[in-house]
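Everything below belongs to upload.txt, which stores compact mmCIF, C-alpha atoms.
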```
# COMPACT_ATOMS: atom_id res chain seq x y z
CA MET A 437 0.00 0.00 0.00
CA ASP A 438 1.49 3.37 -1.04
CA GLN A 439 2.14 6.10 1.52
CA PRO A 440 -0.42 8.65 0.19
CA LYS A 441 -3.14 5.99 0.45
CA ILE A 442 -2.15 5.14 4.02
CA GLU A 443 -2.21 8.81 4.94
CA ARG A 444 -5.68 9.26 3.41
CA MET A 445 -7.00 6.23 5.29
CA LEU A 446 -5.55 7.50 8.57
CA ARG A 447 -7.07 10.94 7.97
CA LEU A 448 -10.40 9.30 7.15
CA MET A 449 -10.20 7.30 10.38
CA MET A 450 -9.60 10.49 12.36
CA MET A 451 -12.54 12.21 10.67
CA LEU A 452 -14.85 9.26 11.31
CA THR A 453 -13.97 9.28 15.02
CA ALA A 454 -14.20 13.07 15.49
CA ASN A 455 -17.27 14.71 17.00
CA ASN A 456 -18.24 16.17 13.63
CA ARG A 457 -20.27 13.97 11.30
CA TYR A 458 -19.56 13.87 7.58
CA THR A 459 -21.35 12.67 4.48
CA ILE A 460 -19.51 10.65 1.83
CA GLU A 461 -19.39 13.74 -0.39
CA GLU A 462 -17.88 15.87 2.40
CA LEU A 463 -15.29 13.19 3.16
CA SER A 464 -14.29 12.83 -0.47
CA ASP A 465 -14.03 16.60 -0.81
CA LYS A 466 -11.81 16.98 2.28
CA LEU A 467 -9.58 14.06 1.29
CA GLN A 468 -9.56 15.11 -2.37
CA THR A 469 -10.56 11.71 -3.66
CA SER A 470 -13.68 10.12 -5.14
CA PRO A 471 -16.77 8.98 -3.20
CA ARG A 472 -16.13 5.50 -4.59
CA THR A 473 -12.70 5.47 -2.94
CA ILE A 474 -14.22 6.57 0.38
CA TYR A 475 -16.68 3.69 0.22
CA ARG A 476 -13.78 1.33 -0.52
CA TYR A 477 -11.82 2.60 2.48
CA ILE A 478 -14.89 2.18 4.72
CA ASP A 479 -15.27 -1.40 3.48
CA THR A 480 -11.61 -1.96 4.39
CA PHE A 481 -12.29 -0.70 7.93
CA LYS A 482 -15.23 -3.10 8.23
CA GLU A 483 -13.12 -6.04 7.04
CA ALA A 484 -10.48 -5.11 9.65
CA GLY A 485 -13.06 -5.42 12.44
CA PHE A 486 -14.34 -1.86 12.87
CA VAL A 487 -18.06 -1.15 13.22
CA VAL A 488 -19.20 1.65 10.93
CA SER A 489 -22.47 3.30 11.94
CA LYS A 490 -24.66 5.45 9.71
CA GLN A 491 -27.17 8.10 10.76
CA GLY A 492 -28.96 9.51 7.77
CA ASN A 493 -26.20 10.34 5.30
CA HIS A 494 -23.50 10.66 7.96
CA PHE A 495 -20.92 7.99 8.74
CA ARG A 496 -18.92 7.28 11.89
CA LEU A 497 -16.62 4.62 13.34
CA ASP A 498 -18.65 3.22 16.21
CA LYS A 499 -17.13 2.83 19.68
CA LYS A 500 -18.44 -0.74 19.69
CA SER A 501 -15.54 -1.59 17.39
CA ARG A 502 -13.22 -4.06 19.06
CA TYR A 503 -10.21 -1.79 18.61
CA PHE A 504 -11.92 0.97 20.55
CA LYS A 505 -12.60 -1.58 23.28
CA ASP A 506 -8.96 -2.68 23.33
CA ILE A 507 -7.77 0.94 23.60
CA SER A 508 -10.29 1.85 26.26
CA GLN A 509 -9.16 -1.08 28.42
CA LEU A 510 -5.90 0.82 28.97
CA VAL A 511 -7.56 3.77 30.68
CA HIS A 512 -11.26 4.15 31.37
CA PHE A 513 -13.57 5.53 33.99
CA THR A 514 -16.31 4.42 36.32
CA GLU A 515 -19.51 6.47 36.21
CA GLU A 516 -18.39 8.11 39.47
CA GLU A 517 -14.96 9.04 38.09
CA ALA A 518 -16.55 10.32 34.90
CA TYR A 519 -18.91 12.49 36.94
CA ILE A 520 -16.01 14.06 38.87
CA LEU A 521 -14.01 14.60 35.68
CA ASN A 522 -16.98 16.12 33.88
CA SER A 523 -17.68 18.43 36.84
CA ALA A 524 -14.06 19.58 36.83
CA ILE A 525 -14.16 20.32 33.10
CA GLU A 526 -17.50 22.12 33.38
CA SER A 527 -16.04 24.43 36.05
CA ILE A 528 -13.73 25.91 33.39
CA ASP A 529 -14.92 29.16 31.80
CA PRO A 530 -17.24 28.29 28.87
CA THR A 531 -15.36 30.62 26.53
CA ASN A 532 -12.07 28.80 27.16
CA VAL A 533 -11.14 26.87 24.02
CA ILE A 534 -9.21 24.33 26.12
CA LYS A 535 -12.48 23.29 27.77
CA GLN A 536 -14.08 22.49 24.43
CA ASN A 537 -10.96 20.66 23.23
CA LEU A 538 -10.87 18.53 26.39
CA LYS A 539 -14.53 17.58 26.06
CA ALA A 540 -14.17 16.73 22.38
CA LYS A 541 -11.06 14.60 22.90
CA LEU A 542 -12.44 12.72 25.90
CA ALA A 543 -15.76 12.08 24.18
CA SER A 544 -14.02 10.69 21.09
CA VAL A 545 -11.84 8.24 23.07
CA TYR A 546 -13.61 7.16 26.25
CA ASP A 547 -16.92 5.57 27.10
CA PHE A 548 -17.66 7.04 30.54
CA ARG A 549 -19.92 4.09 31.44
CA MET A 550 -17.07 1.57 31.35
CA LEU A 551 -15.63 0.01 34.45
CA ALA A 552 -12.44 1.37 35.99
CA GLU A 553 -9.17 -0.48 35.69
CA CYS A 554 -6.45 -0.53 38.29
CA VAL A 555 -3.06 -2.17 38.56
CA VAL A 556 -3.50 -5.72 39.79
CA LYS A 557 -0.46 -7.55 41.09
CA GLY A 558 0.72 -11.06 41.95
CA GLU A 559 -1.57 -14.07 41.74
CA ASN A 560 -4.61 -11.81 41.35
CA ALA A 561 -3.11 -10.36 38.16
CA ARG A 562 -2.72 -13.82 36.64
CA ASN A 563 -6.26 -14.73 37.59
CA VAL A 564 -7.68 -11.46 36.24
CA ASN A 565 -5.84 -11.90 32.94
CA SER A 566 -7.16 -15.45 32.62
CA ILE A 567 -10.72 -14.29 33.28
CA ILE A 568 -10.37 -11.46 30.74
CA GLU A 569 -9.20 -14.00 28.17
CA ALA A 570 -12.16 -16.27 28.94
CA ILE A 571 -14.62 -13.37 28.61
CA GLU A 572 -13.18 -12.35 25.25
CA GLU A 573 -13.27 -15.92 23.95
CA LYS A 574 -16.61 -16.75 25.61
CA ARG A 575 -15.28 -19.82 27.38
CA GLN A 576 -16.16 -21.49 30.66
CA ILE A 577 -13.67 -21.41 33.51
CA VAL A 578 -13.16 -23.13 36.84
CA LEU A 579 -12.47 -20.90 39.83
CA LYS A 580 -10.13 -23.25 41.67
CA ASP A 581 -10.11 -23.29 45.48
CA TYR A 582 -12.63 -20.48 45.78
CA THR A 583 -13.31 -19.48 49.41
CA SER A 584 -16.97 -18.70 50.08
CA ALA A 585 -17.59 -15.64 52.26
CA HIS A 586 -20.73 -17.20 53.75
CA SER A 587 -19.91 -20.85 54.35
CA LYS A 588 -16.12 -20.37 54.55
CA LYS A 589 -15.84 -23.54 52.48
CA VAL A 590 -13.19 -23.89 49.78
CA SER A 591 -14.37 -25.46 46.52
CA ASP A 592 -14.07 -25.32 42.74
CA ARG A 593 -16.73 -23.29 40.90
CA LEU A 594 -17.62 -23.86 37.23
CA VAL A 595 -18.71 -20.48 35.82
CA GLU A 596 -19.14 -18.41 32.70
CA PRO A 597 -17.52 -15.00 33.46
CA LEU A 598 -19.31 -11.86 32.25
CA SER A 599 -17.57 -8.72 33.51
CA PHE A 600 -15.66 -7.11 36.37
CA THR A 601 -16.80 -4.59 38.93
CA THR A 602 -14.77 -1.47 39.69
CA ASN A 603 -11.02 -2.02 39.97
CA TYR A 604 -11.33 -5.74 39.16
CA ILE A 605 -12.29 -6.44 42.77
CA GLN A 606 -15.12 -8.81 41.82
CA VAL A 607 -16.32 -10.60 38.69
CA TRP A 608 -19.88 -11.19 37.58
CA ALA A 609 -20.29 -14.79 36.42
CA TYR A 610 -23.01 -17.31 35.69
CA GLU A 611 -22.55 -20.31 37.99
CA VAL A 612 -23.49 -23.51 36.15
CA SER A 613 -24.40 -25.61 39.20
CA SER A 614 -26.83 -23.10 40.73
CA GLY A 615 -28.06 -21.57 37.49
CA LYS A 616 -27.55 -18.08 38.95
CA ASN A 617 -25.50 -15.00 38.12
CA LYS A 618 -23.24 -14.22 41.07
CA LEU A 619 -20.42 -11.98 42.18
CA PHE A 620 -17.10 -13.70 42.91
CA LYS A 621 -14.36 -11.82 44.73
CA VAL A 622 -11.04 -12.01 42.88
CA SER A 623 -9.00 -12.17 46.08
CA ARG A 624 -10.82 -15.38 47.10
CA ILE A 625 -9.88 -17.24 43.89
CA GLY A 626 -6.99 -19.68 44.25
CA SER A 627 -6.38 -20.02 40.51
CA VAL A 628 -8.29 -19.97 37.23
CA GLU A 629 -8.54 -22.85 34.77
CA ILE A 630 -9.79 -21.91 31.30
CA LEU A 631 -11.74 -24.72 29.68
CA GLU A 632 -12.06 -25.50 25.99
CA LYS A 633 -15.82 -25.57 26.45
CA PRO A 634 -17.62 -22.44 25.16
CA TRP A 635 -20.42 -20.66 26.99
CA GLU A 636 -23.61 -22.73 27.12
CA PHE A 637 -25.92 -20.36 28.99
CA GLU A 638 -25.32 -16.97 27.37
CA ASN A 639 -29.05 -16.26 27.26
CA GLU A 640 -29.08 -16.50 31.05
CA HIS A 641 -26.22 -14.05 31.57
CA LYS A 642 -27.13 -10.95 33.52
CA GLU A 643 -24.91 -8.35 35.15
CA GLY A 644 -25.99 -6.73 38.37
CA LEU A 645 -26.27 -3.07 39.35
CA MET A 646 -24.11 -0.78 41.45
CA ASP A 647 -25.60 1.95 43.65
CA LEU A 648 -23.97 5.22 44.59
CA PHE A 649 -22.62 3.62 47.80
CA ARG A 650 -20.77 1.09 45.56
CA ILE A 651 -22.87 -1.92 46.59
CA ASN A 652 -23.63 -4.49 43.87
CA SER A 653 -26.73 -6.67 43.46
CA PHE A 654 -29.73 -7.20 41.18
CA GLU A 655 -32.04 -5.20 43.45
CA GLN A 656 -33.21 -1.61 43.16
CA ILE A 657 -34.59 -0.63 46.57
CA PRO A 658 -36.01 2.93 46.67
CA ILE A 659 -35.01 5.14 49.60
CA LYS A 660 -35.57 8.77 50.49
CA LEU A 661 -33.53 10.57 53.15
CA LYS A 662 -33.47 14.07 54.57
CA LEU A 663 -29.87 15.20 55.07
CA GLY A 664 -28.48 18.12 56.98
CA LEU A 665 -25.75 20.26 55.50
CA ARG A 666 -22.97 18.23 57.13
CA ALA A 667 -24.38 14.90 55.95
CA ALA A 668 -24.94 16.22 52.44
CA SER A 669 -21.41 17.59 52.24
CA LEU A 670 -19.90 14.34 53.48
CA LEU A 671 -22.04 12.34 51.05
CA VAL A 672 -20.75 14.26 48.04
CA GLU A 673 -17.22 14.16 49.41
CA GLU A 674 -17.22 10.39 49.95
CA TYR A 675 -19.64 9.38 47.17
CA PRO A 676 -19.47 12.10 44.46
CA LEU A 677 -22.19 10.47 42.38
CA GLY A 678 -24.60 11.28 45.21
CA GLU A 679 -24.75 14.91 44.07
CA LYS A 680 -26.93 13.80 41.15
CA PHE A 681 -29.64 12.63 43.55
CA LEU A 682 -29.54 15.53 46.03
CA THR A 683 -32.17 18.28 45.99
CA PRO A 684 -32.05 21.27 48.39
CA LEU A 685 -35.26 22.03 50.27
CA GLN A 686 -36.85 25.20 48.88
CA ASN A 687 -37.71 26.67 52.26
CA ASP A 688 -34.64 25.36 54.06
CA PRO A 689 -31.34 25.55 52.10
CA SER A 690 -29.51 23.88 54.99
CA HIS A 691 -31.27 20.56 54.33
CA PHE A 692 -31.39 18.27 51.30
CA ILE A 693 -33.48 15.36 50.03
CA LEU A 694 -31.64 12.28 48.79
CA ASP A 695 -34.05 10.40 46.54
CA THR A 696 -32.43 7.35 44.99
CA TRP A 697 -32.25 3.53 45.02
CA VAL A 698 -29.77 1.14 46.56
CA CYS A 699 -28.71 -2.43 45.82
CA GLY A 700 -28.71 -3.33 49.50
CA TYR A 701 -28.69 -1.63 52.86
CA GLU A 702 -25.04 -2.24 53.80
CA GLY A 703 -23.56 0.82 52.10
CA VAL A 704 -26.22 3.38 52.92
CA GLY A 705 -26.56 1.84 56.40
CA ARG A 706 -22.89 2.43 57.22
CA PHE A 707 -23.22 6.02 56.01
CA ILE A 708 -26.32 6.72 58.12
CA LEU A 709 -24.93 5.11 61.29
CA GLY A 710 -22.04 7.56 61.23
CA LEU A 711 -24.41 10.53 60.96
CA LEU A 712 -27.51 9.54 62.92
CA ASP A 713 -28.07 13.05 64.26
CA ASP A 714 -28.06 14.64 60.79
CA ILE A 715 -30.12 12.17 58.71
CA GLU A 716 -33.83 11.38 58.72
CA ILE A 717 -35.28 8.40 56.83
CA LEU A 718 -38.37 9.62 54.96
CA GLU A 719 -39.03 6.45 52.94
CA GLY A 720 -37.60 2.99 53.46
CA ASP A 721 -39.10 0.74 56.12
CA GLY A 722 -36.64 -2.02 55.24
CA LEU A 723 -33.77 0.39 55.82
CA LYS A 724 -35.17 1.30 59.25
CA GLU A 725 -35.37 -2.37 60.24
CA PHE A 726 -31.84 -2.94 58.98
CA LEU A 727 -30.52 -0.08 61.12
CA LYS A 728 -32.43 -1.31 64.20
CA GLU A 729 -30.83 -4.73 63.84
CA ARG A 730 -27.39 -3.20 63.46
CA MET A 731 -27.91 -1.01 66.52
CA GLN A 732 -28.97 -4.06 68.58
CA MET A 733 -25.83 -5.88 67.48
CA ALA A 734 -23.60 -2.99 68.55
CA ARG A 735 -21.36 -3.54 71.56
CA PHE A 736 -20.93 -0.57 73.89
```
I'd like the structure from this file rewritten - as structure tokens, please.
Amino acid sequence: MDQPKIERMLRLMMMLTANNRYTIEELSDKLQTSPRTIYRYIDTFKEAGFVVSKQGNHFRLDKKSRYFKDISQLVHFTEEEAYILNSAIESIDPTNVIKQNLKAKLASVYDFRMLAECVVKGENARNVNSIIEAIEEKRQIVLKDYTSAHSKKVSDRLVEPLSFTTNYIQVWAYEVSSGKNKLFKVSRIGSVEILEKPWEFENEHKEGLMDLFRINSFEQIPIKLKLGLRAASLLVEEYPLGEKFLTPLQNDPSHFILDTWVCGYEGVGRFILGLLDDIEILEGDGLKEFLKERMQMARF
């Protein structure tokens, strides 16, 4: 392939991943080549594994393309991290060209809904890499010598891994023996054996949810709290995503309503117990019962 052609294809790739959307005619005009050649280049991208989306007459390289996924695995953000980053960028003066450049570049590279990656070391790193490989190849694995948090028993678990939670701390997987999607903590896995057997139960795969207190499950339990200024400030400080669900009281700016859902009571319960004098539970009978039980278990 000659150098001018490579350069045109690279320029076309940049244009198809920019925030602007172009028609075939606009692309051919900017690259000073024929529409037929543009179509040929796009077909080449498709053959290479890229997903090309079309909206009306405008074309774009979709972020679903596997190469975008590979790149984003290097650095990506949780929803909470994305919220903080976006808030920081939005605080810049709107007339500042750097602000617009930052937003355009981040939007073209990252999917803010993706899970965060951290540096994993030692045996955990080997296990994580094995699970990633199994997910990509859609193969079953055996979690060898897995220690259950509930029964404290050590056993092998045959699963079909789906995805990781934040920082690769846990992995969502479909457990074959129970027929349920469960969370398995990476630190409790002795080793990982990748089987030749492909996924058999993909239709049953289901990832859970994560609430603003970073608790995972399949539940969405509605809660409504009244927070004082101190509790509201600490909430945003410790759980930045909470700001999205906070509403100041119209007649009392020193108090806020937190109207959201949780995946379980552990996270929000710990937060409330540390601020009992500054939080009122407006809705959530189950949460009240949970806190009563925890208070009865407390040792003074």
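Between Glu719 (chain A) and the candidates A:Ile630, A:Ile657, A:Ser669, A:Ile567, the tightest atom-to-atom separation, counting only C-alpha atoms, involves A:Ile657.
The space separating CA of His586 (chain A) from CA of Ile605 (chain A) comes to 17.5 Å.
One distance worth recording is that between CA of Gly722 (chain A) and CA of Val698 (chain A), which is 11.5 Å.
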Which residues are close to region 648-652 of chain A, i.e. within 12 Å by only C-alpha atoms, leaving aside same-chain residues fewer than 2 positions away? Reply as a PyMOL selection string. chain A and resi 514-517+519+600-603+605-608+618-621+643-646+654-657+671-682+694-708
Go ahead and dump the residues you just picked, C-alpha atoms, as a tab-separated table (two decimals), in the coordinates of the input.
```
chain	number	residue	atom	x	y	z
A	514	THR	CA	-16.31	4.42	36.32
A	515	GLU	CA	-19.51	6.47	36.21
A	516	GLU	CA	-18.39	8.11	39.47
A	517	GLU	CA	-14.96	9.04	38.09
A	519	TYR	CA	-18.91	12.49	36.94
A	600	PHE	CA	-15.66	-7.11	36.37
A	601	THR	CA	-16.80	-4.59	38.93
A	602	THR	CA	-14.77	-1.47	39.69
A	603	ASN	CA	-11.02	-2.02	39.97
A	605	ILE	CA	-12.29	-6.44	42.77
A	606	GLN	CA	-15.12	-8.81	41.82
A	607	VAL	CA	-16.32	-10.60	38.69
A	608	TRP	CA	-19.88	-11.19	37.58
A	618	LYS	CA	-23.24	-14.22	41.07
A	619	LEU	CA	-20.42	-11.98	42.18
A	620	PHE	CA	-17.10	-13.70	42.91
A	621	LYS	CA	-14.36	-11.82	44.73
A	643	GLU	CA	-24.91	-8.35	35.15
A	644	GLY	CA	-25.99	-6.73	38.37
A	645	LEU	CA	-26.27	-3.07	39.35
A	646	MET	CA	-24.11	-0.78	41.45
A	654	PHE	CA	-29.73	-7.20	41.18
A	655	GLU	CA	-32.04	-5.20	43.45
A	656	GLN	CA	-33.21	-1.61	43.16
A	657	ILE	CA	-34.59	-0.63	46.57
A	671	LEU	CA	-22.04	12.34	51.05
A	672	VAL	CA	-20.75	14.26	48.04
A	673	GLU	CA	-17.22	14.16	49.41
A	674	GLU	CA	-17.22	10.39	49.95
A	675	TYR	CA	-19.64	9.38	47.17
A	676	PRO	CA	-19.47	12.10	44.46
A	677	LEU	CA	-22.19	10.47	42.38
A	678	GLY	CA	-24.60	11.28	45.21
A	679	GLU	CA	-24.75	14.91	44.07
A	680	LYS	CA	-26.93	13.80	41.15
A	681	PHE	CA	-29.64	12.63	43.55
A	682	LEU	CA	-29.54	15.53	46.03
A	694	LEU	CA	-31.64	12.28	48.79
A	695	ASP	CA	-34.05	10.40	46.54
A	696	THR	CA	-32.43	7.35	44.99
A	697	TRP	CA	-32.25	3.53	45.02
A	698	VAL	CA	-29.77	1.14	46.56
A	699	CYS	CA	-28.71	-2.43	45.82
A	700	GLY	CA	-28.71	-3.33	49.50
A	701	TYR	CA	-28.69	-1.63	52.86
A	702	GLU	CA	-25.04	-2.24	53.80
A	703	GLY	CA	-23.56	0.82	52.10
A	704	VAL	CA	-26.22	3.38	52.92
A	705	GLY	CA	-26.56	1.84	56.40
A	706	ARG	CA	-22.89	2.43	57.22
A	707	PHE	CA	-23.22	6.02	56.01
A	708	ILE	CA	-26.32	6.72	58.12
```
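One finds CA of Pro440 (chain A) at 21.9 Å from CA of Arg496 (chain A).
Residue neighbourhood of Leu452 (chain A), excluding near-sequence residues (fewer than 3 positions): Leu448, Met449, Phe495, Arg496 and Leu497 of chain A, at 7 Å, using all atoms listed in the file.
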Report the centre and edge lengths, in Å to one decimal, of an axis-aligned box enclosing every atom of region 662-670 of chain A listed in the file, padded by 4 Å on each side, as AutoDock Vina command-line options.
```
--center_x -26.7 --center_y 17.2 --center_z 54.7 --size_x 21.6 --size_y 14.2 --size_z 12.9
```
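Comparing A:Gln732, A:Ser623, A:Asn639, A:Thr480 by their smallest distance to Ser584 (chain A), the closest is A:Ser623 (using all atoms listed in the file).
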Selection: 12 Å around Asp721 (chain A), only C-alpha atoms, excl. self and same-chain fewer than 6 positions, as an mmCIF file with C-alpha atoms, keeping the file's coordinate frame:
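Below is the file that was written, out.cif:
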```cif
data_model
loop_
_atom_site.group_PDB
_atom_site.id
_atom_site.type_symbol
_atom_site.label_atom_id
_atom_site.label_comp_id
_atom_site.auth_asym_id
_atom_site.auth_seq_id
_atom_site.Cartn_x
_atom_site.Cartn_y
_atom_site.Cartn_z
ATOM 1 C CA ILE A 657 -34.590 -0.630 46.570
ATOM 2 C CA PRO A 658 -36.010 2.930 46.670
ATOM 3 C CA ILE A 659 -35.010 5.140 49.600
ATOM 4 C CA LYS A 660 -35.570 8.770 50.490
ATOM 5 C CA LEU A 661 -33.530 10.570 53.150
ATOM 6 C CA TYR A 701 -28.690 -1.630 52.860
ATOM 7 C CA LEU A 727 -30.520 -0.080 61.120
ATOM 8 C CA LYS A 728 -32.430 -1.310 64.200
#
```
Got a sec: who's within 8 Å of Tyr582 (chain A), counting only C-alpha atoms, leaving out chain neighbours fewer than 4 positions off, as a list in words? Val590, Ser591, Asp592, Arg593, Arg624, Ile625 and Gly626 of chain A
Taking into account all atoms listed in the file, which residue in the set A:Gln576, A:Ser566, A:Thr583, A:Ser489 is nearest to Ala609 (chain A)? A:Gln576
Given only C-alpha atoms as the counted atoms, nearest of A:Arg476, A:Lys580, A:Arg575, A:Arg444 to Asn563 (chain A): A:Lys580
Can we get region 669-681 of chain A of that structure written down with N, CA and C atoms, as a short mmCIF file (atom, residue, chain, number, x, y, z; two decimals), in the first residue's frame?
```
data_model
loop_
_atom_site.label_atom_id
_atom_site.label_comp_id
_atom_site.auth_asym_id
_atom_site.auth_seq_id
_atom_site.Cartn_x
_atom_site.Cartn_y
_atom_site.Cartn_z
N SER A 669 -22.79 17.28 52.65
CA SER A 669 -21.41 17.59 52.24
C SER A 669 -20.53 16.35 52.29
N LEU A 670 -20.69 15.56 53.35
CA LEU A 670 -19.90 14.34 53.48
C LEU A 670 -20.29 13.30 52.43
N LEU A 671 -21.58 13.27 52.09
CA LEU A 671 -22.04 12.34 51.05
C LEU A 671 -21.34 12.63 49.73
N VAL A 672 -21.37 13.88 49.31
CA VAL A 672 -20.75 14.26 48.04
C VAL A 672 -19.24 14.07 48.08
N GLU A 673 -18.66 14.32 49.25
CA GLU A 673 -17.22 14.16 49.41
C GLU A 673 -16.80 12.70 49.31
N GLU A 674 -17.57 11.81 49.93
CA GLU A 674 -17.22 10.39 49.95
C GLU A 674 -17.79 9.63 48.76
N TYR A 675 -18.98 10.04 48.30
CA TYR A 675 -19.64 9.38 47.17
C TYR A 675 -20.08 10.47 46.17
N PRO A 676 -19.17 10.96 45.34
CA PRO A 676 -19.47 12.10 44.46
C PRO A 676 -20.70 11.93 43.58
N LEU A 677 -21.02 10.69 43.22
CA LEU A 677 -22.19 10.47 42.38
C LEU A 677 -23.49 10.86 43.10
N GLY A 678 -23.42 10.93 44.43
CA GLY A 678 -24.60 11.28 45.21
C GLY A 678 -25.16 12.66 44.89
N GLU A 679 -24.31 13.55 44.39
CA GLU A 679 -24.75 14.91 44.07
C GLU A 679 -25.88 14.91 43.05
N LYS A 680 -25.89 13.89 42.17
CA LYS A 680 -26.93 13.80 41.15
C LYS A 680 -28.31 13.58 41.75
N PHE A 681 -28.36 12.99 42.95
CA PHE A 681 -29.64 12.63 43.55
C PHE A 681 -30.04 13.55 44.71
#
```
